[in-house]
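Data block below; observations after.
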Amino acid sequence: MEQAQYNEYNNIENINNNIQGLLINNNNERKYRIAMVSDFFYPNMGGVEEHLYQLSQCLIKRGNKVIIITHSYGDRFGIRYVTNGLKVYYIPQAPFYNQSSFPTLYFTFPLFRKILIRERIEIVHCHQAFSTLAHESILHARTMGYSTCFTDHSLFGFADASSIHMNKLLKFTLSDISHVICVSNTSKENTVLRAQLDPHLVSVIPNAVDTTQFTPDPSKRDPNKISIVIMSRLVYRKGIDLVIDIIPNICKKFPNAHFIIGGDGPKRVSLEEMREKHQLHDRVELLGSVKHSNVRNVLVRGDIFLNSSLTEAFCIAIVEAASCGLYVVSTKVGGVPEVLPPHMISLAQPKSDDLEEKLTEAIIKLKINPMETHEEVRSMYDWNDVARRTETVYDIISKAPKVPFIERLRRFVGCGLWAGKLNCMVVALDSLVYKFLEYYSPKEDIDEAFDFPIEGYTQYKNNQLKNN
């Protein structure tokens with residue numbers, strides 16, 4: 001990793017040499033220096049990954065320094081740069097379950113500390129309750145005295161074993177958090193109850209969509225068909241069983257109905273069995289995994305977008321579909337009712353008969369102007385607005401006073417009779433590890449990393465475009 005970082009430094013030096021005459025005082029002080037942390041990032045693609053990338057890009061454009069810390073993906077490890085010099089640390093942490101890294105608690109602390117010191121980070125912003133790396137990073141960052149922020153992208157129940165376990169973990173992690181962001185009001189209520197948080201510590205900042213990438217193209221639609229698009233991971237939580245139930249009935253009712261299903265997962269086998277059983281090979285198109293860059297090309301083929309999720313905090317997919325001019329039919333779960341106005345979406349209970357009824361009504365009454373829908377979505381959702389509101393949260397937590405160690409312990413004691421004591425032991429040991437690292441590898445011995453010359457790079461790129 002050290003060699004990879006050294007090579008990246010040399011690359012930055014070359015960029016500086018090439019555009020030296022174009023640099024605009026690259027040493028100007030940035031607003032904030034932020035580390036985004038999550039197990040979920042490129043090359044894996046999904047709502048959390050899209051949120052991380054788009055938010056980081058907009059924060060960079062607003063003058064902030066942003067890096068991303070995630071676990072390695074196959075042969076993708078070390079330091080990489082993506083668009084506009086967004087620096088990504090793929091740390092040597094093995095994926096364990098559903099792309100979440102294997103929990104190590106203290107073993108990532110030395111590397112995590114070095115990264116924060118090298119990049120002169122001020123705020124650690126972690127994402128997604130399923131991310132092991134996010135939970136560990138919040139613990140270590142608070143031990144080091146950093147301001148921390150957590151964005152929750154999911155909803156959880158309270159009765160099943162997995163939810164109880166996750167809620168306990170979330171309660172531990174968020175007992176010492178500076179601020180929490182949720183993507184919908186429903187998500188906020190859910191997180192406050194699960195983690196027993198003060199509602200004043202939780203803000204609602206919805207997701208957004210890059211409407212310049214998701215534009216309508218009516219010419220791609222087949223006028224002889226009513227195309228119903230489904231873009232989702234083919235897993236139980238996405239309600240694929242409901243889709244399997246309603247497709248044969250919809251095809252019987254409407255001879256011109258055509259289903260386009262993009263995505264992959266364990267439920268694909270069930271979809272193929274349904275298609276084989278009812279001889280719907282020419283009516284149900286299974287695309288398999290679709291790259292995010294090709295999602296728009298699939299959406300513009302459709303008239304209606306069907307979302308059958310059993311739980312959603314926000315569902316960015318329906319915003320992307322609406323931006324492409326599709327009418328949306330969705331299950332009424334989580335934060336979905338907050339996302340689009342009533343004339344753009346039909347909501348159904350997460351039951352196959354009700355979902356079939358709402359889809360039938362949508363097909364019969366289908367009348368939508370793609371360009372008008374796109375313009376309306378563009379006026380509602382903008383990543384620059386999300387970045388601006390996130391900066392407001394950073395303003396709040398950066399001005400908050402530092403929390404003494406004894407106050408941290410007091411917060412963790414409240415996690416439960418036995419869990420509280422165990423949590424205090426974990427935090428105390430984390431503090432001891434930090435003291436040892438400060439002695440063994442002092443901050444003064446850690447070299448600071450070069451900042452990517454974003455201003456000069458942008459001007460250089462613009463000049464290149466003009467010359468071409």
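Going through the structure tokens in order, the chains are called A, B, and so on, while each chain numbers its residues from 1 and the ligands are numbered from 1 in the order shown.
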Taking the backbone alone, and naming residues the way the document does, which bits of stretch 158-274 of chain A are strand (DSSP E or B) by DSSP, as a VMD selection string? chain A and resid 179 to 182 202 to 204 226 to 231 257 to 262
Residue neighbourhood A:Phe109, 10 Å, only C-alpha atoms, exclusion window fewer than 5 positions, as a PDB file with N, CA and C atoms, in the first residue's frame:
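Contents of the output file around00.pdb:
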ATOM      1  N   THR A 104     -13.130  -6.732  12.688  1.00  0.00           N
ATOM      2  CA  THR A 104     -11.839  -6.927  13.360  1.00  0.00           C
ATOM      3  C   THR A 104     -11.700  -6.042  14.593  1.00  0.00           C
ATOM      4  N   LYS A 114      -3.547   6.281  10.477  1.00  0.00           N
ATOM      5  CA  LYS A 114      -2.557   6.853   9.564  1.00  0.00           C
ATOM      6  C   LYS A 114      -3.220   7.593   8.406  1.00  0.00           C
ATOM      7  N   ILE A 115      -4.292   7.016   7.890  1.00  0.00           N
ATOM      8  CA  ILE A 115      -4.991   7.654   6.768  1.00  0.00           C
ATOM      9  C   ILE A 115      -5.544   9.013   7.194  1.00  0.00           C
ATOM     10  N   GLU A 136     -16.869   0.429  13.032  1.00  0.00           N
ATOM     11  CA  GLU A 136     -15.533   0.458  13.636  1.00  0.00           C
ATOM     12  C   GLU A 136     -14.901   1.845  13.492  1.00  0.00           C
ATOM     13  N   SER A 137     -15.130   2.492  12.354  1.00  0.00           N
ATOM     14  CA  SER A 137     -14.518   3.801  12.104  1.00  0.00           C
ATOM     15  C   SER A 137     -15.075   4.870  13.033  1.00  0.00           C
ATOM     16  N   LEU A 139     -16.154   4.368  16.091  1.00  0.00           N
ATOM     17  CA  LEU A 139     -15.518   4.120  17.389  1.00  0.00           C
ATOM     18  C   LEU A 139     -14.108   4.703  17.416  1.00  0.00           C
ATOM     19  N   HIS A 140     -13.291   4.392  16.403  1.00  0.00           N
ATOM     20  CA  HIS A 140     -11.904   4.860  16.379  1.00  0.00           C
ATOM     21  C   HIS A 140     -11.818   6.373  16.229  1.00  0.00           C
ATOM     22  N   ALA A 141     -12.677   6.936  15.375  1.00  0.00           N
ATOM     23  CA  ALA A 141     -12.639   8.388  15.148  1.00  0.00           C
ATOM     24  C   ALA A 141     -12.987   9.154  16.415  1.00  0.00           C
ATOM     25  N   ASP A 430     -10.024   0.543  23.392  1.00  0.00           N
ATOM     26  CA  ASP A 430      -9.748   1.309  22.177  1.00  0.00           C
ATOM     27  C   ASP A 430      -8.890   2.527  22.510  1.00  0.00           C
ATOM     28  N   VAL A 433      -5.337   1.340  23.072  1.00  0.00           N
ATOM     29  CA  VAL A 433      -4.688   1.060  21.789  1.00  0.00           C
ATOM     30  C   VAL A 433      -4.248   2.374  21.134  1.00  0.00           C
ATOM     31  N   TYR A 434      -5.097   3.389  21.216  1.00  0.00           N
ATOM     32  CA  TYR A 434      -4.772   4.691  20.637  1.00  0.00           C
ATOM     33  C   TYR A 434      -3.546   5.306  21.325  1.00  0.00           C
ATOM     34  N   LEU A 437      -0.515   3.565  20.033  1.00  0.00           N
ATOM     35  CA  LEU A 437      -0.180   3.984  18.672  1.00  0.00           C
ATOM     36  C   LEU A 437       0.452   5.372  18.657  1.00  0.00           C
TER      37      LEU A 437
END
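The space separating atom CA of A:Leu306 from atom CA of A:Gly262 comes to 11.5 Å.
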Would you kindly return, as a PyMOL selection string, each protein, DNA or RNA residue with an atom no farther than 8 Å from any atom of stretch 238-246 of chain A, considering only C-alpha atoms and excluding same-chain residues fewer than 3 positions away? chain A and resi 232-235+249-250+267+270-271+274+307-311+350-353+355-356
Store the residues picked out above, limited to C-alpha atoms, as a PDB file, in the first residue's frame.
ATOM      1  CA  SER A 232     -33.673  -4.350  -8.648  1.00  0.00           C
ATOM      2  CA  ARG A 233     -31.512  -6.847  -6.862  1.00  0.00           C
ATOM      3  CA  LEU A 234     -33.390 -10.131  -7.165  1.00  0.00           C
ATOM      4  CA  VAL A 235     -33.639 -10.871  -3.456  1.00  0.00           C
ATOM      5  CA  ASN A 249     -52.001 -12.569 -14.398  1.00  0.00           C
ATOM      6  CA  ILE A 250     -50.960  -9.233 -15.943  1.00  0.00           C
ATOM      7  CA  LYS A 267     -34.519 -15.045  -6.890  1.00  0.00           C
ATOM      8  CA  SER A 270     -37.619 -18.473  -9.391  1.00  0.00           C
ATOM      9  CA  LEU A 271     -38.271 -15.907 -12.141  1.00  0.00           C
ATOM     10  CA  MET A 274     -42.183 -18.847 -13.587  1.00  0.00           C
ATOM     11  CA  ASN A 307     -41.025  -1.340  -7.487  1.00  0.00           C
ATOM     12  CA  SER A 308     -42.055  -4.216  -5.209  1.00  0.00           C
ATOM     13  CA  SER A 309     -39.724  -3.670  -2.224  1.00  0.00           C
ATOM     14  CA  LEU A 310     -40.823  -4.919   1.182  1.00  0.00           C
ATOM     15  CA  THR A 311     -38.764  -2.248   2.935  1.00  0.00           C
ATOM     16  CA  PRO A 350     -47.047  -5.149  -0.152  1.00  0.00           C
ATOM     17  CA  LYS A 351     -49.497  -7.885  -1.188  1.00  0.00           C
ATOM     18  CA  SER A 352     -49.668  -9.468  -4.609  1.00  0.00           C
ATOM     19  CA  ASP A 353     -53.407  -8.846  -5.169  1.00  0.00           C
ATOM     20  CA  LEU A 355     -50.004  -4.643  -6.342  1.00  0.00           C
ATOM     21  CA  GLU A 356     -51.666  -6.366  -9.312  1.00  0.00           C
TER      22      GLU A 356
END
Give the alpha helix (DSSP H) residues of stretch 50-259 of chain A, as assigned by DSSP on the backbone, as JSON, numbers by chain. {"A": [50, 51, 52, 53, 54, 55, 56, 57, 58, 59, 60, 61, 109, 110, 111, 112, 113, 114, 115, 116, 117, 118, 132, 133, 134, 135, 136, 137, 138, 139, 140, 141, 142, 143, 161, 162, 163, 164, 165, 166, 167, 168, 169, 170, 171, 172, 173, 174, 185, 186, 187, 188, 189, 190, 191, 192, 193, 194, 195, 240, 241, 242, 243, 244, 245, 246, 247, 248, 249, 250, 251, 252, 253]}
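When only C-alpha atoms are used to compute distances to A:Arg221, the closest of the residues A:Gln196, A:Asn297, A:Thr360, A:Ser346 turns out to be A:Asn297.
Remark: for A:Thr392, the closest of the candidate residues A:Arg408, A:Lys367, A:His179, A:Lys87 is A:His179 (distances computed over only C-alpha atoms).
Proximity of A:Ile226, A:Met144, A:Leu422, A:Ala313 to A:Glu189, computed with only C-alpha atoms, is greatest for A:Ala313.
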Applying 12 Å and only C-alpha atoms, which residues near stretch 384-390 of chain A remain after dropping the ones on its own chain fewer than 5 positions away? List them as JSON, numbers by chain. {"A": [31, 32, 34, 51, 52, 53, 54, 55, 56, 57, 58, 59, 60, 61, 62, 63, 64, 123, 125, 149, 150, 151, 179, 180, 181, 182, 183, 203, 204, 205, 206, 207, 208, 209, 210, 211, 378, 379, 395, 396, 397]}
Close residues, A:Phe158 itself excluded, 12 Å, only C-alpha atoms, min 5 positions apart in chain, as an NGL selection string: :A and (163-168 or 190-191 or 193-195)
